[in-house]
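With mmCIF, N, CA, C and O atoms inside, this is final38.cif:
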data_entry
loop_
_atom_site.label_atom_id
_atom_site.label_comp_id
_atom_site.auth_asym_id
_atom_site.auth_seq_id
_atom_site.Cartn_x
_atom_site.Cartn_y
_atom_site.Cartn_z
N MET A 50 82.79 132.71 37.64
CA MET A 50 83.35 131.65 38.45
C MET A 50 84.26 130.73 37.61
O MET A 50 85.36 130.41 38.01
N LEU A 51 83.77 130.30 36.44
CA LEU A 51 84.58 129.46 35.57
C LEU A 51 85.81 130.19 35.07
O LEU A 51 86.88 129.61 34.95
N GLU A 52 85.65 131.49 34.80
CA GLU A 52 86.79 132.27 34.33
C GLU A 52 87.89 132.31 35.38
O GLU A 52 89.07 132.21 35.06
N ARG A 53 87.50 132.46 36.66
CA ARG A 53 88.48 132.47 37.74
C ARG A 53 89.18 131.12 37.84
O ARG A 53 90.39 131.03 37.99
N LYS A 54 88.40 130.05 37.73
CA LYS A 54 88.98 128.71 37.79
C LYS A 54 89.96 128.50 36.64
O LYS A 54 91.02 127.91 36.81
N PHE A 55 89.59 129.00 35.47
CA PHE A 55 90.47 128.89 34.31
C PHE A 55 91.76 129.68 34.53
O PHE A 55 92.85 129.19 34.23
N ALA A 56 91.66 130.88 35.08
CA ALA A 56 92.85 131.68 35.37
C ALA A 56 93.75 130.97 36.38
O ALA A 56 94.97 130.93 36.22
N ASP A 57 93.14 130.39 37.41
CA ASP A 57 93.91 129.63 38.41
C ASP A 57 94.59 128.43 37.77
O ASP A 57 95.73 128.10 38.08
N LEU A 58 93.87 127.78 36.88
CA LEU A 58 94.41 126.62 36.19
C LEU A 58 95.61 127.01 35.33
O LEU A 58 96.63 126.33 35.33
N ARG A 59 95.50 128.11 34.61
CA ARG A 59 96.61 128.60 33.80
C ARG A 59 97.84 128.89 34.66
O ARG A 59 98.95 128.56 34.29
N LYS A 60 97.62 129.50 35.84
CA LYS A 60 98.74 129.79 36.74
C LYS A 60 99.42 128.50 37.17
O LYS A 60 100.64 128.41 37.22
N SER A 61 98.63 127.49 37.50
CA SER A 61 99.22 126.22 37.94
C SER A 61 99.98 125.55 36.81
O SER A 61 100.98 124.87 37.04
N MET A 62 99.53 125.76 35.58
CA MET A 62 100.22 125.15 34.45
C MET A 62 101.55 125.82 34.16
O MET A 62 102.46 125.21 33.62
N LEU A 63 101.71 127.08 34.55
CA LEU A 63 102.99 127.76 34.35
C LEU A 63 104.10 127.09 35.13
O LEU A 63 105.26 127.12 34.74
N ALA A 64 103.74 126.45 36.25
CA ALA A 64 104.73 125.81 37.10
C ALA A 64 105.04 124.38 36.66
O ALA A 64 105.78 123.67 37.31
N SER A 65 104.53 123.97 35.55
CA SER A 65 104.57 122.56 35.20
C SER A 65 105.87 122.04 34.59
O SER A 65 106.19 120.89 34.74
N GLY A 66 106.59 122.87 33.87
CA GLY A 66 107.78 122.36 33.19
C GLY A 66 107.40 121.58 31.95
O GLY A 66 106.26 121.62 31.49
N ALA A 67 108.33 120.84 31.42
CA ALA A 67 108.12 120.13 30.16
C ALA A 67 107.71 118.68 30.40
O ALA A 67 108.21 118.02 31.30
N LEU A 68 106.82 118.20 29.58
CA LEU A 68 106.44 116.79 29.59
C LEU A 68 107.38 116.03 28.65
O LEU A 68 108.03 116.64 27.82
N PRO A 69 107.43 114.71 28.78
CA PRO A 69 108.33 113.93 27.90
C PRO A 69 108.06 114.19 26.41
O PRO A 69 106.91 114.13 25.97
N THR A 70 109.09 114.48 25.67
CA THR A 70 108.92 114.75 24.23
C THR A 70 108.49 113.50 23.48
O THR A 70 107.88 113.60 22.42
N ALA A 71 108.78 112.33 24.04
CA ALA A 71 108.38 111.08 23.38
C ALA A 71 106.86 110.97 23.27
O ALA A 71 106.36 110.22 22.42
N TRP A 72 106.14 111.70 24.09
CA TRP A 72 104.68 111.66 24.02
C TRP A 72 104.17 112.40 22.79
O TRP A 72 103.07 112.14 22.33
N LYS A 73 104.93 113.34 22.28
CA LYS A 73 104.58 114.10 21.08
C LYS A 73 103.21 114.77 21.18
O LYS A 73 102.41 114.75 20.24
N LEU A 74 102.95 115.39 22.33
CA LEU A 74 101.69 116.10 22.53
C LEU A 74 101.75 117.46 21.83
O LEU A 74 102.77 118.14 21.86
N THR A 75 100.63 117.83 21.21
CA THR A 75 100.51 119.17 20.66
C THR A 75 100.37 120.15 21.83
O THR A 75 100.10 119.73 22.96
N PRO A 76 100.52 121.44 21.60
CA PRO A 76 100.36 122.40 22.70
C PRO A 76 99.00 122.30 23.41
O PRO A 76 98.94 122.36 24.64
N LYS A 77 97.93 122.11 22.68
CA LYS A 77 96.61 121.99 23.31
C LYS A 77 96.50 120.68 24.10
O LYS A 77 95.94 120.65 25.19
N GLU A 78 97.02 119.60 23.55
CA GLU A 78 97.02 118.33 24.27
C GLU A 78 97.84 118.45 25.55
O GLU A 78 97.45 117.96 26.59
N ARG A 79 98.99 119.14 25.45
CA ARG A 79 99.84 119.35 26.62
C ARG A 79 99.09 120.13 27.70
O ARG A 79 99.10 119.76 28.87
N ASP A 80 98.41 121.20 27.31
CA ASP A 80 97.65 121.99 28.28
C ASP A 80 96.58 121.16 28.96
O ASP A 80 96.36 121.26 30.16
N LEU A 81 95.92 120.32 28.18
CA LEU A 81 94.87 119.46 28.74
C LEU A 81 95.46 118.42 29.69
O LEU A 81 94.93 118.17 30.77
N PHE A 82 96.60 117.85 29.32
CA PHE A 82 97.25 116.88 30.21
C PHE A 82 97.71 117.56 31.50
O PHE A 82 97.57 117.01 32.58
N LEU A 83 98.25 118.76 31.38
CA LEU A 83 98.68 119.48 32.57
C LEU A 83 97.49 119.80 33.48
O LEU A 83 97.61 119.80 34.70
N ALA A 84 96.34 120.05 32.88
CA ALA A 84 95.13 120.26 33.68
C ALA A 84 94.77 118.99 34.44
O ALA A 84 94.36 119.04 35.60
N LEU A 85 94.95 117.84 33.80
CA LEU A 85 94.69 116.56 34.48
C LEU A 85 95.65 116.38 35.65
O LEU A 85 95.28 115.84 36.69
N LEU A 86 96.88 116.82 35.50
CA LEU A 86 97.87 116.72 36.59
C LEU A 86 97.54 117.66 37.73
O LEU A 86 97.83 117.37 38.89
N SER A 87 96.92 118.80 37.41
CA SER A 87 96.68 119.84 38.41
C SER A 87 95.34 119.72 39.13
O SER A 87 95.10 120.43 40.10
N ASN A 88 94.46 118.86 38.66
CA ASN A 88 93.10 118.78 39.21
C ASN A 88 92.68 117.34 39.42
O ASN A 88 93.03 116.47 38.63
N ASP A 89 91.87 117.12 40.45
CA ASP A 89 91.34 115.77 40.68
C ASP A 89 90.50 115.32 39.50
O ASP A 89 90.60 114.20 39.04
N ILE A 90 89.65 116.22 39.02
CA ILE A 90 88.81 115.94 37.86
C ILE A 90 88.82 117.16 36.95
O ILE A 90 88.73 118.29 37.42
N VAL A 91 88.94 116.92 35.66
CA VAL A 91 88.81 117.99 34.67
C VAL A 91 87.46 117.79 34.01
O VAL A 91 87.23 116.78 33.34
N THR A 92 86.55 118.74 34.25
CA THR A 92 85.23 118.64 33.63
C THR A 92 85.34 118.97 32.15
O THR A 92 86.31 119.60 31.71
N LYS A 93 84.33 118.58 31.41
CA LYS A 93 84.34 118.91 29.98
C LYS A 93 84.29 120.42 29.79
O LYS A 93 84.92 120.95 28.88
N GLN A 94 83.60 121.11 30.67
CA GLN A 94 83.53 122.56 30.59
C GLN A 94 84.91 123.19 30.82
O GLN A 94 85.32 124.09 30.10
N MET A 95 85.65 122.68 31.81
CA MET A 95 87.01 123.15 32.05
C MET A 95 87.89 122.87 30.83
O MET A 95 88.67 123.72 30.41
N ALA A 96 87.76 121.67 30.28
CA ALA A 96 88.56 121.29 29.11
C ALA A 96 88.28 122.21 27.93
O ALA A 96 89.21 122.62 27.24
N MET A 97 87.02 122.57 27.71
CA MET A 97 86.69 123.47 26.61
C MET A 97 87.29 124.85 26.83
O MET A 97 87.77 125.49 25.89
N LEU A 98 87.31 125.32 28.08
CA LEU A 98 87.95 126.60 28.38
C LEU A 98 89.45 126.54 28.10
O LEU A 98 90.03 127.49 27.57
N ILE A 99 90.07 125.43 28.44
CA ILE A 99 91.50 125.26 28.20
C ILE A 99 91.79 125.21 26.71
O ILE A 99 92.72 125.86 26.22
N LEU A 100 90.99 124.47 25.98
CA LEU A 100 91.23 124.27 24.56
C LEU A 100 90.86 125.47 23.70
O LEU A 100 91.56 125.80 22.75
N TYR A 101 89.73 126.12 24.04
CA TYR A 101 89.18 127.14 23.16
C TYR A 101 88.99 128.51 23.81
O TYR A 101 88.62 129.46 23.13
N GLY A 102 89.14 128.58 25.13
CA GLY A 102 88.90 129.85 25.81
C GLY A 102 87.44 130.14 26.03
O GLY A 102 87.06 131.21 26.48
N THR A 103 86.58 129.19 25.70
CA THR A 103 85.14 129.33 25.88
C THR A 103 84.54 127.95 26.13
O THR A 103 85.12 126.94 25.71
N ALA A 104 83.40 127.92 26.79
CA ALA A 104 82.71 126.65 27.02
C ALA A 104 81.61 126.42 25.99
O ALA A 104 80.85 125.47 26.09
N ASP A 105 81.54 127.30 25.01
CA ASP A 105 80.49 127.22 23.99
C ASP A 105 80.94 126.47 22.75
O ASP A 105 80.89 126.98 21.63
N ARG A 106 81.43 125.27 22.94
CA ARG A 106 81.86 124.40 21.84
C ARG A 106 81.26 123.01 22.06
O ARG A 106 80.95 122.65 23.19
N PRO A 107 81.16 122.22 21.01
CA PRO A 107 80.64 120.86 21.19
C PRO A 107 81.59 120.06 22.10
O PRO A 107 82.80 120.08 21.93
N SER A 108 81.02 119.36 23.07
CA SER A 108 81.85 118.60 24.00
C SER A 108 82.51 117.40 23.33
O SER A 108 83.47 116.85 23.85
N HIS A 109 82.03 117.01 22.16
CA HIS A 109 82.64 115.89 21.44
C HIS A 109 84.11 116.17 21.13
O HIS A 109 84.93 115.26 21.13
N SER A 110 84.44 117.42 20.87
CA SER A 110 85.83 117.76 20.55
C SER A 110 86.75 117.46 21.73
O SER A 110 87.91 117.09 21.54
N VAL A 111 86.24 117.60 22.95
CA VAL A 111 87.03 117.26 24.14
C VAL A 111 87.32 115.76 24.14
O VAL A 111 88.44 115.34 24.43
N ASP A 112 86.31 114.97 23.80
CA ASP A 112 86.49 113.53 23.73
C ASP A 112 87.58 113.16 22.72
O ASP A 112 88.39 112.26 22.97
N VAL A 113 87.61 113.86 21.61
CA VAL A 113 88.62 113.60 20.58
C VAL A 113 90.02 113.92 21.12
O VAL A 113 90.95 113.13 20.95
N PHE A 114 90.15 115.06 21.78
CA PHE A 114 91.45 115.42 22.36
C PHE A 114 91.90 114.39 23.39
O PHE A 114 93.06 113.98 23.42
N MET A 115 91.00 113.96 24.25
CA MET A 115 91.35 112.96 25.27
C MET A 115 91.75 111.64 24.62
O MET A 115 92.68 110.98 25.06
N SER A 116 91.06 111.28 23.56
CA SER A 116 91.41 110.05 22.84
C SER A 116 92.83 110.14 22.27
O SER A 116 93.61 109.18 22.36
N ARG A 117 93.17 111.30 21.74
CA ARG A 117 94.53 111.48 21.19
C ARG A 117 95.58 111.42 22.29
O ARG A 117 96.64 110.81 22.11
N ILE A 118 95.30 112.06 23.42
CA ILE A 118 96.24 112.03 24.54
C ILE A 118 96.43 110.59 25.03
O ILE A 118 97.55 110.14 25.26
N ARG A 119 95.33 109.88 25.16
CA ARG A 119 95.41 108.48 25.59
C ARG A 119 96.27 107.66 24.64
O ARG A 119 97.11 106.87 25.06
N SER A 120 96.04 107.82 23.35
CA SER A 120 96.80 107.00 22.39
C SER A 120 98.28 107.35 22.38
O SER A 120 99.12 106.46 22.17
N LYS A 121 98.63 108.59 22.66
CA LYS A 121 100.03 109.00 22.67
C LYS A 121 100.75 108.62 23.97
O LYS A 121 101.98 108.54 23.99
N THR A 122 100.00 108.41 25.04
CA THR A 122 100.64 108.16 26.34
C THR A 122 100.43 106.74 26.87
O THR A 122 101.03 106.36 27.86
N GLU A 123 99.61 105.95 26.20
CA GLU A 123 99.28 104.61 26.72
C GLU A 123 100.50 103.70 26.83
O GLU A 123 100.58 102.88 27.74
N ASP A 124 101.47 103.84 25.94
CA ASP A 124 102.68 103.01 26.00
C ASP A 124 103.55 103.36 27.21
O ASP A 124 104.49 102.64 27.53
N PHE A 125 103.23 104.47 27.87
CA PHE A 125 103.98 104.92 29.05
C PHE A 125 103.19 104.69 30.34
O PHE A 125 103.50 105.27 31.37
N SER A 126 102.16 103.84 30.25
CA SER A 126 101.32 103.46 31.40
C SER A 126 100.52 104.61 31.99
O SER A 126 100.20 104.60 33.18
N VAL A 127 100.19 105.59 31.18
CA VAL A 127 99.34 106.69 31.61
C VAL A 127 97.89 106.23 31.45
O VAL A 127 97.50 105.80 30.37
N LEU A 128 97.11 106.34 32.52
CA LEU A 128 95.71 105.96 32.47
C LEU A 128 94.84 107.17 32.76
O LEU A 128 95.01 107.83 33.79
N ILE A 129 93.92 107.45 31.85
CA ILE A 129 92.97 108.55 32.02
C ILE A 129 91.57 107.93 32.04
O ILE A 129 91.16 107.29 31.08
N GLU A 130 90.87 108.14 33.15
CA GLU A 130 89.51 107.60 33.30
C GLU A 130 88.49 108.62 32.82
O GLU A 130 88.67 109.82 33.02
N THR A 131 87.43 108.12 32.23
CA THR A 131 86.28 108.95 31.90
C THR A 131 85.31 108.89 33.08
O THR A 131 84.96 107.79 33.53
N ILE A 132 84.93 110.04 33.59
CA ILE A 132 83.93 110.13 34.65
C ILE A 132 82.62 110.49 33.95
O ILE A 132 82.46 111.60 33.44
N ASN A 133 81.70 109.53 33.91
CA ASN A 133 80.47 109.70 33.15
C ASN A 133 79.77 111.02 33.44
O ASN A 133 79.58 111.38 34.60
N ARG A 134 79.42 111.71 32.37
CA ARG A 134 78.68 112.97 32.41
C ARG A 134 79.37 114.07 33.20
O ARG A 134 78.76 115.06 33.55
N THR A 135 80.66 113.90 33.48
CA THR A 135 81.39 114.89 34.25
C THR A 135 82.65 115.34 33.55
O THR A 135 82.83 116.51 33.27
N GLY A 136 83.55 114.41 33.29
CA GLY A 136 84.82 114.77 32.68
C GLY A 136 85.82 113.64 32.74
O GLY A 136 85.47 112.49 32.48
N TYR A 137 87.05 113.97 33.16
CA TYR A 137 88.14 113.01 33.11
C TYR A 137 89.00 113.12 34.36
O TYR A 137 89.08 114.16 34.99
N ARG A 138 89.69 112.00 34.65
CA ARG A 138 90.58 111.94 35.81
C ARG A 138 91.82 111.16 35.43
O ARG A 138 91.75 110.10 34.82
N LEU A 139 92.98 111.70 35.81
CA LEU A 139 94.24 111.01 35.61
C LEU A 139 94.46 110.05 36.77
O LEU A 139 94.49 110.47 37.93
N VAL A 140 94.57 108.76 36.47
CA VAL A 140 94.83 107.75 37.49
C VAL A 140 96.26 107.96 38.00
O VAL A 140 97.17 108.20 37.22
N ASP A 141 96.42 107.87 39.32
CA ASP A 141 97.74 108.07 39.96
C ASP A 141 98.31 109.45 39.66
O ASP A 141 99.50 109.62 39.42
N ARG A 142 97.45 110.45 39.72
CA ARG A 142 97.84 111.84 39.42
C ARG A 142 99.02 112.31 40.25
O ARG A 142 99.98 112.88 39.74
N ARG A 143 99.00 112.06 41.55
CA ARG A 143 100.09 112.52 42.42
C ARG A 143 101.40 111.80 42.10
O ARG A 143 102.47 112.39 42.14
N VAL A 144 101.31 110.52 41.76
CA VAL A 144 102.50 109.77 41.38
C VAL A 144 103.09 110.36 40.11
O VAL A 144 104.31 110.55 40.00
N TRP A 145 102.24 110.67 39.13
CA TRP A 145 102.73 111.25 37.87
C TRP A 145 103.34 112.62 38.11
O TRP A 145 104.34 112.98 37.49
N THR A 146 102.75 113.40 39.00
CA THR A 146 103.30 114.72 39.30
C THR A 146 104.72 114.60 39.83
O THR A 146 105.63 115.33 39.42
N LYS A 147 104.94 113.64 40.72
CA LYS A 147 106.28 113.43 41.27
C LYS A 147 107.22 112.81 40.23
O LYS A 147 108.37 113.20 40.10
N THR A 148 106.72 111.84 39.48
CA THR A 148 107.53 111.17 38.46
C THR A 148 108.04 112.17 37.42
O THR A 148 109.19 112.12 37.00
N LEU A 149 107.15 113.06 37.02
CA LEU A 149 107.52 114.06 36.00
C LEU A 149 108.20 115.28 36.62
O LEU A 149 108.54 116.21 35.90
N LYS A 150 108.35 115.25 37.94
CA LYS A 150 109.01 116.36 38.67
C LYS A 150 108.32 117.69 38.39
O LYS A 150 108.97 118.70 38.17
N LEU A 151 107.00 117.65 38.43
CA LEU A 151 106.23 118.86 38.16
C LEU A 151 105.75 119.55 39.43
O LEU A 151 104.98 120.49 39.37
N ASP A 152 106.22 119.08 40.58
CA ASP A 152 105.77 119.70 41.82
C ASP A 152 106.78 120.68 42.38
O ASP A 152 106.61 121.24 43.44
N ALA A 153 107.85 120.94 41.64
CA ALA A 153 108.87 121.89 42.09
C ALA A 153 108.38 123.32 41.84
O ALA A 153 107.73 123.59 40.83
N PRO A 154 108.68 124.24 42.74
CA PRO A 154 108.27 125.62 42.52
C PRO A 154 109.02 126.25 41.35
O PRO A 154 110.16 125.89 41.06
N VAL A 155 108.37 127.18 40.71
CA VAL A 155 108.96 127.86 39.57
C VAL A 155 109.71 129.09 40.06
O VAL A 155 109.23 129.83 40.90
N GLU A 156 110.89 129.32 39.50
CA GLU A 156 111.65 130.52 39.82
C GLU A 156 111.43 131.54 38.71
O GLU A 156 111.48 131.20 37.55
N HIS A 157 111.18 132.78 39.10
CA HIS A 157 110.95 133.83 38.09
C HIS A 157 112.17 134.68 37.93
O HIS A 157 112.91 134.99 38.73
#

Before anything else, please render the file you have as C-alpha cells.
Amino acid sequence: MLERKFADLRKSMLASGALPTAWKLTPKERDLFLALLSNDIVTKQMAMLILYGTADRPSHSVDVFMSRIRSKTEDFSVLIETINRTGYRLVDRRVWTKTLKLDAPVEH
C-alpha cells in the first residue's frame, strides 16, 4: 500500500516543474517540498520513502530535512506545520501550487 502511494507521489512530482532557485533546496529537500505541495499531509513514513526509498530509517532525519527546508524558505513566507505524531503540512498549499505555477499539466 505504501509502495503504491509512493509511486503515485513520484508521478505527481514529475508534473511539478522547477521551484525557485533562490531557495537553494537540495534534490531530496526539493522532493520533500514537492510532496508537501502534492498532499494535504506528508506523514513521516511517506517522507522516509521519498528520502530513502524505505520507511526503515530513524524519523529524526525527517525532522532535520524539514528544519532545513523551513530555514531555506522562511524568508519567502513559506509555512510548514508539524502535525504531532503524524507528519507535516504546508500552510496555504493550494495557493503555493498556483503561485509556483505547478498545477499545469506536463507535456511529454

Point-to-point distance from atom O of Pro107 in chain A to atom O of Trp72 in chain A, Å rounded to tenths: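 Between atom O of Pro107 in chain A and atom O of Trp72 in chain A the gap is 21.8 Å.
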
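Put simply, atom O of Leu86 in chain A is 10.1 Å away from atom O of Tyr137 in chain A.
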
DSSP strand (DSSP E) selection over range 84-150 of chain A, as a count of residues only: 10

Expected selection from the PyMOL selection byres (((chain A and resi 81 and name CA) around 12) and name CA), given as a ChimeraX atom specification: /A:55,58-59,62,68,74-80,82-88,90-101,111-119,129,136-139

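Taking atom O of Lys147 in chain A and atom O of Phe125 in chain A as endpoints, the distance between them is 12.8 Å.
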
Residue list (alpha helix (DSSP H), DSSP) for range 50-150 of chain A, as number ranges by chain: A: 51-63, 76-87, 93-101, 109-122, 142-148

Distance query Asp141 in chain A at most 9 Å, only C-alpha atoms, self and fewer than 5 positions along chain excluded, as a PyMOL selection string: chain A and resi 127-128+146

Hey, could you patch up range 114-125 of chain A with all heavy atoms and hand it over as a short mmCIF file (atom, residue, chain, number, x, y, z; two decimals), keeping the file's coordinate frame?
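Now in result_23.cif:
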data_model
loop_
_atom_site.label_atom_id
_atom_site.label_comp_id
_atom_site.auth_asym_id
_atom_site.auth_seq_id
_atom_site.Cartn_x
_atom_site.Cartn_y
_atom_site.Cartn_z
N PHE A 114 90.15 115.06 21.78
CA PHE A 114 91.45 115.42 22.36
C PHE A 114 91.90 114.39 23.39
O PHE A 114 93.06 113.98 23.42
CB PHE A 114 91.40 116.82 23.01
CG PHE A 114 91.75 117.92 22.06
CD1 PHE A 114 90.75 118.62 21.40
CD2 PHE A 114 93.07 118.26 21.82
CE1 PHE A 114 91.06 119.64 20.52
CE2 PHE A 114 93.40 119.28 20.94
CZ PHE A 114 92.39 119.97 20.29
N MET A 115 91.00 113.96 24.25
CA MET A 115 91.35 112.96 25.27
C MET A 115 91.75 111.64 24.62
O MET A 115 92.68 110.98 25.06
CB MET A 115 90.20 112.73 26.25
CG MET A 115 90.04 113.83 27.24
SD MET A 115 91.50 113.99 28.29
CE MET A 115 91.00 115.34 29.29
N SER A 116 91.06 111.28 23.56
CA SER A 116 91.41 110.05 22.84
C SER A 116 92.83 110.14 22.27
O SER A 116 93.61 109.18 22.36
CB SER A 116 90.40 109.82 21.72
OG SER A 116 90.77 108.71 20.95
N ARG A 117 93.17 111.30 21.74
CA ARG A 117 94.53 111.48 21.19
C ARG A 117 95.58 111.42 22.29
O ARG A 117 96.64 110.81 22.11
CB ARG A 117 94.62 112.83 20.47
CG ARG A 117 93.88 112.86 19.17
CD ARG A 117 94.04 114.20 18.52
NE ARG A 117 93.16 114.33 17.38
CZ ARG A 117 92.78 115.48 16.85
NH1 ARG A 117 93.21 116.62 17.36
NH2 ARG A 117 91.98 115.50 15.82
N ILE A 118 95.30 112.06 23.42
CA ILE A 118 96.24 112.03 24.54
C ILE A 118 96.43 110.59 25.03
O ILE A 118 97.55 110.14 25.26
CB ILE A 118 95.77 112.94 25.70
CG1 ILE A 118 95.82 114.41 25.27
CG2 ILE A 118 96.63 112.72 26.95
CD1 ILE A 118 95.13 115.36 26.23
N ARG A 119 95.33 109.88 25.16
CA ARG A 119 95.41 108.48 25.59
C ARG A 119 96.27 107.66 24.64
O ARG A 119 97.11 106.87 25.06
CB ARG A 119 94.01 107.87 25.70
CG ARG A 119 93.25 108.32 26.91
CD ARG A 119 91.85 107.72 26.89
NE ARG A 119 91.15 107.96 28.13
CZ ARG A 119 89.86 108.25 28.20
NH1 ARG A 119 89.12 108.33 27.10
NH2 ARG A 119 89.29 108.44 29.37
N SER A 120 96.04 107.82 23.35
CA SER A 120 96.80 107.00 22.39
C SER A 120 98.28 107.35 22.38
O SER A 120 99.12 106.46 22.17
CB SER A 120 96.21 107.14 20.98
OG SER A 120 96.43 108.43 20.47
N LYS A 121 98.63 108.59 22.66
CA LYS A 121 100.03 109.00 22.67
C LYS A 121 100.75 108.62 23.97
O LYS A 121 101.98 108.54 23.99
CB LYS A 121 100.14 110.51 22.46
CG LYS A 121 99.76 110.94 21.05
CD LYS A 121 99.85 112.44 20.90
CE LYS A 121 99.53 112.87 19.47
NZ LYS A 121 99.72 114.33 19.30
N THR A 122 100.00 108.41 25.04
CA THR A 122 100.64 108.16 26.34
C THR A 122 100.43 106.74 26.87
O THR A 122 101.03 106.36 27.86
CB THR A 122 100.15 109.15 27.41
OG1 THR A 122 98.72 109.02 27.56
CG2 THR A 122 100.50 110.59 27.04
N GLU A 123 99.61 105.95 26.20
CA GLU A 123 99.28 104.61 26.72
C GLU A 123 100.50 103.70 26.83
O GLU A 123 100.58 102.88 27.74
CB GLU A 123 98.17 103.95 25.91
CG GLU A 123 98.56 103.60 24.49
CD GLU A 123 97.39 103.08 23.68
OE1 GLU A 123 96.33 102.79 24.26
OE2 GLU A 123 97.55 102.97 22.46
N ASP A 124 101.47 103.84 25.94
CA ASP A 124 102.68 103.01 26.00
C ASP A 124 103.55 103.36 27.21
O ASP A 124 104.49 102.64 27.53
CB ASP A 124 103.51 103.16 24.73
CG ASP A 124 102.85 102.50 23.53
OD1 ASP A 124 101.93 101.67 23.73
OD2 ASP A 124 103.24 102.82 22.39
N PHE A 125 103.23 104.47 27.87
CA PHE A 125 103.98 104.92 29.05
C PHE A 125 103.19 104.69 30.34
O PHE A 125 103.50 105.27 31.37
CB PHE A 125 104.33 106.41 28.90
CG PHE A 125 105.16 106.68 27.68
CD1 PHE A 125 104.55 107.00 26.47
CD2 PHE A 125 106.54 106.58 27.72
CE1 PHE A 125 105.31 107.24 25.33
CE2 PHE A 125 107.30 106.81 26.59
CZ PHE A 125 106.69 107.14 25.40
#
